Number of protein chains: 2
Amino acid sequence: MRIVIALGGNALLRRGDPMTTEVQRRNIRTAAQAIAPLTAEHSIVVVHGNGPQVGLQRQQAESYHDAEPYPLDVLDAGTQGMIGYLIQQELRSLLPPDRQVATLLTMITVDPGDAAFANPTKFVGPVYAKEAADALAAEKGWAFRQDGTAWRRVVPSPQPRQILEIGPISWLIERGAVVICAGGGGIPTLPEHGALSGVEAVIDKDLAAELLAENVNADLFVMATDVDGVYVDWGTPQQRRLGHVTPEELAAHNFPAGSMGPKVQGATRFATNTGNRGAIGALADIAAIVAGDAGTSVVTRTAVRA
Amino acid sequence: MRIVIALGGNALLRRGDPMTTEVQRRNIRTAAQAIAPLTAEHSIVVVHGNGPQVGLQRQQAESYHDAEPYPLDVLDAGTQGMIGYLIQQELRSLLPPDRQVATLLTMITVDPGDAAFANPTKFVGPVYAKEAADALAAEKGWAFRQDGTAWRRVVPSPQPRQILEIGPISWLIERGAVVICAGGGGIPTLPEHGALSGVEAVIDKDLAAELLAENVNADLFVMATDVDGVYVDWGTPQQRRLGHVTPEELAAHNFPAGSMGPKVQGATRFATNTGNRGAIGALADIAAIVAGDAGTSVVTRTAVRA
């Protein structure tokens, strides 16, 4: 099978982990150990998040006053290199020497008319007290929203439209390489009269990975995270994990926008648009998820019948 | 022709330029405008330096005290993403929409027994006063050397051995993509019993590009910089630019290790190992360098006769 795997931020850096290279490398090694065995039988494409890493770079840059901090698109590009490197290095160390692994810089176009630009929702960077947030809003034109008791910058999260490097990505998959791409959801790019420019926004990583999975004709799209599937009635005595569900069954439930929402949306979109399976589950269970024995799988009614 | 172009650090950031994204983008746009016309007739691979960018990231990281700075290999990977992105974006904006451009993360192995590890020579990061340098040397085990009146950290500059992503790089070239790779000389990597690890070192970007040019069977290897060729008797009334020279003629002269030395070594190595032309010249003259009408070209005696 051709499988696109989206690694959740928690697979790379757990909440509360100190953000050292060693901690990131250890978590990425665990992910690589889960993914490597799949490459013997399957064609694998890996997408990763970058939220905490972009946040740290932004904080480091703001502590240094002799140079203007890089904008978000350039930081995205940097984390595609950094995190891609750690994943690629760990995977290659586990694979036969002749198995190629390639990390490709990925730009994804967004629509300037996307409604998200009028309604920024994606938290980026550190938390601020109200006064500091207000000052930054006035100085830089940033938008802020409350996150718990503190304030954080929010940027638009537009829909991914076109993966500009889909050609090279597909060619490398066809040649048998394990491909790492669309890190952090890809670099959001506005195409204006042929000239490309980066934009201060964040494409949801799961939705970028879903578009990629469609584009490369994936047989399976897996979003690996730190919970073992999609739950209904979470936190009540009736809580239960969904196994195989149809998009229609899933649509009967509500999921929070910040965490499970985009994953449910991604799995549903993939199943609906391709007729193939979209799955959500724990990274540690990935082999069983691929086999269809763990996690939550979204399949269309037609696919269930077949 | 298949042409590997190494962009000198000065092509991306001139000495004294403020290191903002805008300045880097403007310089990279100039480079892209010089390179883009070549892609109509030739297969192009671009390698770039990363010295100033790694230096800035290191300074930013050291100004922020809540997280350990990333090691040099991770910073290298980050700059491959950042600088590769800017080059790729500017090139794509100038090329027909169906022309693919791909930036590939590149690791290059080095030999743990390389003599360079006993004799670090490559300046990295900011300048320090003697006392600060001594303190860092004691605390972190870094080596320092005097650079003018100040002190700077030096790391080993080992020879590039094997480009680990040469397979994907070659496949993308064969499919007609413009490929950006081996940025900053590639990430220096030690292969130990199959497991790969990054090492605190810098592979010379021109020598990495030379190995790449050999590996992809380039017809021409160009090192683009801010001078229009290799000069002898520089700074004297007799100074003259060399046009077409053989490795033997070039070997009769001495060039400073820090600037022209590695370029002369790269051009000589390429001409000697492949019989093809290795050239050094100004980025602005690149079309004329490709035509053989500008810059300094190193060709073997056999190639001159042919």
# chains A, B, ... in the order shown; residues from 1 in each chain; ligands from 1
call {"tool": "residues_around", "arguments": {"residues": "stretch 104-117 of chain A", "least_positions_apart": "2", "cutoff": "7 Å", "atoms": "only C-alpha atoms", "output": "PyMOL selection string"}}
result
(chain A and resi 80+102+119-120+156-165+180-182+186-191) or (chain B and resi 81+85+102-105)
call {"tool": "interface_residues", "arguments": {"of": "chain A", "to": "chain B", "cutoff": "8 Å", "atoms": "only C-alpha atoms", "output": "ChimeraX atom specification"}}
result
/A:18-21,57,59-64,67-71,74-82,84-86,89-90,92-94,97,100-105,165,167-168,171-172,177,194-197
call {"tool": "residues_around", "arguments": {"residues": "stretch 123-132 of chain B", "least_positions_apart": "5", "cutoff": "10 Å", "atoms": "only C-alpha atoms", "output": "tab-separated table (two decimals) with C-alpha atoms, in the first residue's frame"}}
result
chain	number	residue	atom	x	y	z
B	51	GLY	CA	27.70	30.84	7.17
B	52	PRO	CA	26.08	34.17	8.16
B	53	GLN	CA	22.65	32.54	8.64
B	54	VAL	CA	23.98	29.87	11.01
B	55	GLY	CA	25.85	32.61	12.85
B	56	LEU	CA	22.67	34.65	13.36
B	57	GLN	CA	20.63	31.65	14.53
B	58	ARG	CA	23.34	30.79	17.01
B	59	GLN	CA	23.37	34.34	18.38
B	72	LEU	CA	25.50	22.89	14.43
B	137	ALA	CA	36.44	27.27	25.46
B	138	ALA	CA	36.56	26.13	29.10
B	143	ALA	CA	38.24	25.77	19.88
B	144	PHE	CA	38.94	29.45	19.12
B	145	ARG	CA	41.24	31.30	16.75
B	146	GLN	CA	42.04	34.93	16.29
B	147	ASP	CA	40.14	36.64	13.42
B	148	GLY	CA	41.59	40.11	13.03
B	149	THR	CA	41.59	41.67	16.51
B	150	ALA	CA	38.79	39.43	17.87
B	151	TRP	CA	38.32	35.72	18.49
B	152	ARG	CA	35.95	33.32	16.82
B	153	ARG	CA	35.03	29.70	17.27
B	154	VAL	CA	36.60	27.32	14.78
B	155	VAL	CA	35.31	23.86	13.87
B	156	PRO	CA	36.88	21.13	11.75
B	157	SER	CA	36.35	21.24	7.99
B	201	ALA	CA	31.93	20.55	11.72
B	202	VAL	CA	31.52	22.41	8.42
B	258	GLY	CA	39.97	31.37	3.49
call {"tool": "atom_distance", "arguments": {"atom1": "atom CA of A:Met223", "atom2": "atom CA of A:Gln239"}}
result
21.0 Å
call {"tool": "select_by_dssp", "arguments": {"residues": "stretch 69-151 of chain A", "states": "strand (DSSP E)", "output": "list in words"}}
result
Val101, Ala102, Thr103, Leu104, Met107, Ile108, Thr109, Lys122, Phe123, Val124, Gly125, Pro126, Val127, Tyr128, Ala143, Phe144, Arg145, Gln146, Asp147, Ala150 and Trp151 of chain A
call {"tool": "closest_residue", "arguments": {"among": "B:Leu207, B:Thr274, B:Arg301, B:Glu174", "to": "B:Gly261", "atoms": "only C-alpha atoms"}}
result
B:Leu207
call {"tool": "select_by_dssp", "arguments": {"residues": "stretch 105-220 of chain B", "states": "alpha helix (DSSP H)", "output": "PDB file with N, CA and C atoms, in the first residue's frame"}}
result
ATOM      1  N   LYS B 130      38.809  38.209  23.889  1.00  0.00           N
ATOM      2  CA  LYS B 130      39.650  37.105  24.354  1.00  0.00           C
ATOM      3  C   LYS B 130      39.081  36.408  25.595  1.00  0.00           C
ATOM      4  N   GLU B 131      38.640  37.208  26.595  1.00  0.00           N
ATOM      5  CA  GLU B 131      38.176  36.622  27.857  1.00  0.00           C
ATOM      6  C   GLU B 131      36.932  35.767  27.646  1.00  0.00           C
ATOM      7  N   ALA B 132      35.996  36.293  26.842  1.00  0.00           N
ATOM      8  CA  ALA B 132      34.759  35.558  26.587  1.00  0.00           C
ATOM      9  C   ALA B 132      35.064  34.266  25.828  1.00  0.00           C
ATOM     10  N   ALA B 133      36.001  34.352  24.898  1.00  0.00           N
ATOM     11  CA  ALA B 133      36.385  33.168  24.129  1.00  0.00           C
ATOM     12  C   ALA B 133      36.995  32.113  25.051  1.00  0.00           C
ATOM     13  N   ASP B 134      37.861  32.547  25.952  1.00  0.00           N
ATOM     14  CA  ASP B 134      38.492  31.611  26.892  1.00  0.00           C
ATOM     15  C   ASP B 134      37.447  30.938  27.776  1.00  0.00           C
ATOM     16  N   ALA B 135      36.447  31.740  28.207  1.00  0.00           N
ATOM     17  CA  ALA B 135      35.404  31.182  29.076  1.00  0.00           C
ATOM     18  C   ALA B 135      34.596  30.120  28.333  1.00  0.00           C
ATOM     19  N   LEU B 136      34.234  30.414  27.069  1.00  0.00           N
ATOM     20  CA  LEU B 136      33.463  29.453  26.279  1.00  0.00           C
ATOM     21  C   LEU B 136      34.288  28.201  25.966  1.00  0.00           C
ATOM     22  N   ALA B 137      35.564  28.407  25.741  1.00  0.00           N
ATOM     23  CA  ALA B 137      36.440  27.270  25.464  1.00  0.00           C
ATOM     24  C   ALA B 137      36.460  26.329  26.669  1.00  0.00           C
ATOM     25  N   ALA B 138      36.532  26.928  27.877  1.00  0.00           N
ATOM     26  CA  ALA B 138      36.557  26.127  29.101  1.00  0.00           C
ATOM     27  C   ALA B 138      35.207  25.450  29.339  1.00  0.00           C
ATOM     28  N   GLU B 139      34.108  26.201  29.086  1.00  0.00           N
ATOM     29  CA  GLU B 139      32.768  25.703  29.409  1.00  0.00           C
ATOM     30  C   GLU B 139      32.293  24.646  28.413  1.00  0.00           C
ATOM     31  N   LYS B 140      32.506  24.902  27.123  1.00  0.00           N
ATOM     32  CA  LYS B 140      31.913  24.037  26.105  1.00  0.00           C
ATOM     33  C   LYS B 140      32.923  23.207  25.324  1.00  0.00           C
ATOM     34  N   ILE B 166      22.251  11.159  -2.820  1.00  0.00           N
ATOM     35  CA  ILE B 166      22.616  11.288  -4.234  1.00  0.00           C
ATOM     36  C   ILE B 166      21.587  10.594  -5.142  1.00  0.00           C
ATOM     37  N   GLY B 167      20.960   9.517  -4.643  1.00  0.00           N
ATOM     38  CA  GLY B 167      19.930   8.835  -5.439  1.00  0.00           C
ATOM     39  C   GLY B 167      18.770   9.766  -5.760  1.00  0.00           C
ATOM     40  N   PRO B 168      18.047  10.275  -4.734  1.00  0.00           N
ATOM     41  CA  PRO B 168      16.951  11.214  -4.999  1.00  0.00           C
ATOM     42  C   PRO B 168      17.382  12.449  -5.792  1.00  0.00           C
ATOM     43  N   ILE B 169      18.575  12.979  -5.516  1.00  0.00           N
ATOM     44  CA  ILE B 169      19.046  14.154  -6.267  1.00  0.00           C
ATOM     45  C   ILE B 169      19.129  13.810  -7.755  1.00  0.00           C
ATOM     46  N   SER B 170      19.730  12.667  -8.071  1.00  0.00           N
ATOM     47  CA  SER B 170      19.891  12.260  -9.473  1.00  0.00           C
ATOM     48  C   SER B 170      18.546  12.014 -10.140  1.00  0.00           C
ATOM     49  N   TRP B 171      17.627  11.373  -9.414  1.00  0.00           N
ATOM     50  CA  TRP B 171      16.307  11.094 -10.000  1.00  0.00           C
ATOM     51  C   TRP B 171      15.593  12.382 -10.370  1.00  0.00           C
ATOM     52  N   LEU B 172      15.694  13.384  -9.488  1.00  0.00           N
ATOM     53  CA  LEU B 172      15.002  14.654  -9.757  1.00  0.00           C
ATOM     54  C   LEU B 172      15.641  15.383 -10.935  1.00  0.00           C
ATOM     55  N   ILE B 173      16.964  15.321 -11.041  1.00  0.00           N
ATOM     56  CA  ILE B 173      17.642  15.934 -12.189  1.00  0.00           C
ATOM     57  C   ILE B 173      17.171  15.257 -13.480  1.00  0.00           C
ATOM     58  N   GLU B 174      17.119  13.912 -13.455  1.00  0.00           N
ATOM     59  CA  GLU B 174      16.705  13.165 -14.653  1.00  0.00           C
ATOM     60  C   GLU B 174      15.294  13.540 -15.096  1.00  0.00           C
ATOM     61  N   LYS B 205      31.645  24.364   1.352  1.00  0.00           N
ATOM     62  CA  LYS B 205      30.532  24.305   0.401  1.00  0.00           C
ATOM     63  C   LYS B 205      31.001  24.053  -1.027  1.00  0.00           C
ATOM     64  N   ASP B 206      32.172  24.637  -1.399  1.00  0.00           N
ATOM     65  CA  ASP B 206      32.668  24.452  -2.760  1.00  0.00           C
ATOM     66  C   ASP B 206      33.143  23.008  -2.980  1.00  0.00           C
ATOM     67  N   LEU B 207      33.721  22.408  -1.945  1.00  0.00           N
ATOM     68  CA  LEU B 207      34.190  21.023  -2.094  1.00  0.00           C
ATOM     69  C   LEU B 207      33.011  20.045  -2.084  1.00  0.00           C
ATOM     70  N   ALA B 208      31.965  20.362  -1.308  1.00  0.00           N
ATOM     71  CA  ALA B 208      30.752  19.537  -1.339  1.00  0.00           C
ATOM     72  C   ALA B 208      30.108  19.620  -2.720  1.00  0.00           C
ATOM     73  N   ALA B 209      30.046  20.839  -3.263  1.00  0.00           N
ATOM     74  CA  ALA B 209      29.452  21.030  -4.594  1.00  0.00           C
ATOM     75  C   ALA B 209      30.281  20.308  -5.654  1.00  0.00           C
ATOM     76  N   GLU B 210      31.592  20.286  -5.463  1.00  0.00           N
ATOM     77  CA  GLU B 210      32.466  19.595  -6.425  1.00  0.00           C
ATOM     78  C   GLU B 210      32.164  18.094  -6.431  1.00  0.00           C
ATOM     79  N   LEU B 211      32.043  17.503  -5.233  1.00  0.00           N
ATOM     80  CA  LEU B 211      31.719  16.071  -5.148  1.00  0.00           C
ATOM     81  C   LEU B 211      30.369  15.795  -5.811  1.00  0.00           C
ATOM     82  N   LEU B 212      29.416  16.677  -5.530  1.00  0.00           N
ATOM     83  CA  LEU B 212      28.091  16.555  -6.138  1.00  0.00           C
ATOM     84  C   LEU B 212      28.202  16.604  -7.660  1.00  0.00           C
ATOM     85  N   ALA B 213      28.985  17.565  -8.171  1.00  0.00           N
ATOM     86  CA  ALA B 213      29.142  17.710  -9.624  1.00  0.00           C
ATOM     87  C   ALA B 213      29.734  16.439 -10.233  1.00  0.00           C
ATOM     88  N   GLU B 214      30.700  15.829  -9.541  1.00  0.00           N
ATOM     89  CA  GLU B 214      31.246  14.553 -10.029  1.00  0.00           C
ATOM     90  C   GLU B 214      30.157  13.481 -10.018  1.00  0.00           C
ATOM     91  N   ASN B 215      29.424  13.392  -8.894  1.00  0.00           N
ATOM     92  CA  ASN B 215      28.437  12.319  -8.703  1.00  0.00           C
ATOM     93  C   ASN B 215      27.299  12.379  -9.715  1.00  0.00           C
TER      94      ASN B 215
END
